[in-house]
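J.: Sharing a structure with you now.
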Amino acid sequence: MKQSTLIWTILMVAGGAYILYQASQGHGRVFVREVPVEAKSSVKESEQTYEWTKYQTVPAKDKNQKDVKFNLSRTIGLWVAAFCTLAIFSFLYGDNPVYKFTESIFVGVSAGYAMVVAFWSEIIPNLFGKLFPSKAKEIFFLDIDEKSMEPDLWYLVPLVMSVLLLLRLSPKGSWLARWPLAFFIGATAGIRLISYLEADFVGQIQNTILPFIVFGADGSWQVIESLKNSIIIVGVVSCMVYFFFSIEHQGFVKYVSRLGVWFLMVTFGASFAYTVMGRIALLSGRLEFLFQDWLGIGS
């Protein structure tokens, strides 16, 4: 235990010294160049052209150019992002307060961001914009057609149900939240059932009804396409036989069900490998950020 602690301490000190060295060389700082951009906006059927400044990030090696300047806010953001990334990676050493602190920040920021997005993209246009269209267009500049300026009182129903959901926080009236919650769960389950039936169940049937032997436009036998269709049909049928428990798996049924197990294992393995490759892509993106954007290695 003492040896591992000593090794990690040496690595952290060496890493900190290397980070300070890279920072002294100009890395870890963000330099930008001002790029003027022209844009047009229409206000009450009259177009206006205005200019606004866009800051383009440039490599640290171009920091001595005349039109390049140091940007403090982006530099702080860069170091905060690097610190959060390293704090999450610190879980490899073991559960620690730095990891827990960063994890709490990530969860809190994600929840706050989702709440703000839902408020401005769902509540304002779909609830406030339907009940008070004139006020919503005047205050929030919503793109509402003049023909839809009449309030739609049917949206009082989701408003009341949303208020009842908030009663979940009340110790005495929390039972009232069960009614809208049950409605939302039932409606969501029904919508998802229809989508799954159309996308998975019916789609699987349509994609399984294939010819064993495929001929081309010139009448030639397409060996590869015929083999692909045969594998799909045999795989689907054998997997269905494996999950058919009304008869005992003996004889021919036993061998078909075992073939279905092989198809299932190949499918699960491919899905797991796809998930792992996705996580590796995320890891490589974080490492690229640390080494190139933060430390300037290889940039």
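FYI, nothing fancy with the structure tokens labels: chains A, B, ... in order, residues from 1 per chain, ligands from 1 as they appear.
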Give me the residues within 8 Å of stretch 28-31 of chain A as a PyMOL selection string, counting only C-alpha atoms and dropping any in the same chain fewer than 4 places off.
T.: chain A and resi 22-23+57-60+63+68-72+74-75+78-79+293-296
J.: Using only C-alpha atoms, determine which residues lie at most 9 Å from stretch 172-188 of chain A, disregarding the query and same-chain residues fewer than 5 positions distant; provide the list as a PyMOL selection string.
T.: chain A and resi 158+161-167+193
J.: Save the residues we just selected, C-alpha atoms, as an mmCIF file, in the first residue's frame?
T.:
```cif
data_model
loop_
_atom_site.group_PDB
_atom_site.id
_atom_site.type_symbol
_atom_site.label_atom_id
_atom_site.label_comp_id
_atom_site.auth_asym_id
_atom_site.auth_seq_id
_atom_site.Cartn_x
_atom_site.Cartn_y
_atom_site.Cartn_z
ATOM 1 C CA PRO A 158 -51.960 20.035 -18.836
ATOM 2 C CA MET A 161 -52.002 18.338 -14.185
ATOM 3 C CA SER A 162 -48.565 19.941 -13.962
ATOM 4 C CA VAL A 163 -49.606 21.846 -10.829
ATOM 5 C CA LEU A 164 -50.908 18.611 -9.323
ATOM 6 C CA LEU A 165 -47.527 17.010 -10.007
ATOM 7 C CA LEU A 166 -45.859 19.723 -7.954
ATOM 8 C CA LEU A 167 -48.026 18.688 -5.001
ATOM 9 C CA LEU A 193 -45.977 0.577 -27.527
#
```
J.: For a test of reading the model, state the distance in Å between atom CA of A:Val237 and atom CA of A:Val256, rounded to one decimal.
T.: 8.5 Å
J.: Please measure the separation of atom CA of A:Phe291 and atom CA of A:Phe272, giving the value in Å to one decimal.
T.: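 Those two atoms sit 28.4 Å apart.
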J.: List every residue of stretch 27-255 of chain A that DSSP, applied to the backbone, labels as strand (DSSP E), and write the result as a PyMOL selection string.
T.: chain A and resi 31-43+46-58+68-70
J.: Write the selection just made, keeping C-alpha atoms, as a PDB file, in the first residue's frame?
T.:
```pdb
ATOM      1  CA  PHE A  31      -5.535  33.030 -27.821  1.00  0.00           C
ATOM      2  CA  VAL A  32      -8.224  34.378 -30.122  1.00  0.00           C
ATOM      3  CA  ARG A  33      -8.526  36.484 -33.238  1.00  0.00           C
ATOM      4  CA  GLU A  34     -11.420  38.864 -33.834  1.00  0.00           C
ATOM      5  CA  VAL A  35     -13.468  38.013 -36.920  1.00  0.00           C
ATOM      6  CA  PRO A  36     -16.192  40.532 -37.892  1.00  0.00           C
ATOM      7  CA  VAL A  37     -19.386  38.904 -39.107  1.00  0.00           C
ATOM      8  CA  GLU A  38     -22.244  40.566 -40.953  1.00  0.00           C
ATOM      9  CA  ALA A  39     -25.788  39.455 -40.284  1.00  0.00           C
ATOM     10  CA  LYS A  40     -29.248  40.545 -41.348  1.00  0.00           C
ATOM     11  CA  SER A  41     -32.406  40.752 -39.305  1.00  0.00           C
ATOM     12  CA  SER A  42     -35.942  41.637 -40.316  1.00  0.00           C
ATOM     13  CA  VAL A  43     -37.999  43.754 -37.930  1.00  0.00           C
ATOM     14  CA  SER A  46     -37.684  45.961 -42.743  1.00  0.00           C
ATOM     15  CA  GLU A  47     -34.263  44.406 -43.050  1.00  0.00           C
ATOM     16  CA  GLN A  48     -31.354  45.668 -40.985  1.00  0.00           C
ATOM     17  CA  THR A  49     -27.699  44.797 -41.438  1.00  0.00           C
ATOM     18  CA  TYR A  50     -25.421  44.833 -38.424  1.00  0.00           C
ATOM     19  CA  GLU A  51     -21.949  43.603 -37.534  1.00  0.00           C
ATOM     20  CA  TRP A  52     -20.905  41.576 -34.545  1.00  0.00           C
ATOM     21  CA  THR A  53     -17.547  40.223 -33.517  1.00  0.00           C
ATOM     22  CA  LYS A  54     -16.759  36.523 -33.449  1.00  0.00           C
ATOM     23  CA  TYR A  55     -13.660  35.295 -31.652  1.00  0.00           C
ATOM     24  CA  GLN A  56     -11.815  32.497 -33.422  1.00  0.00           C
ATOM     25  CA  THR A  57      -9.410  30.343 -31.399  1.00  0.00           C
ATOM     26  CA  VAL A  58      -5.877  30.208 -32.817  1.00  0.00           C
ATOM     27  CA  VAL A  68      -4.097  37.760 -31.825  1.00  0.00           C
ATOM     28  CA  LYS A  69      -4.761  38.441 -28.170  1.00  0.00           C
ATOM     29  CA  PHE A  70      -5.074  36.493 -24.933  1.00  0.00           C
TER      30      PHE A  70
END
```
J.: Using only C-alpha atoms, find the one residue out of A:Val214, A:Ile19, A:Leu156, A:Leu290 that sits nearest to A:Cys84.
T.: A:Leu290
J.: Between A:Val160, A:Leu283, A:Val117, A:Ile124, which has the minimum distance to A:Leu86 (counting only C-alpha atoms)?
T.: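 Going through A:Val160, A:Leu283, A:Val117, A:Ile124 one by one, the smallest distance to A:Leu86 is for A:Leu283.
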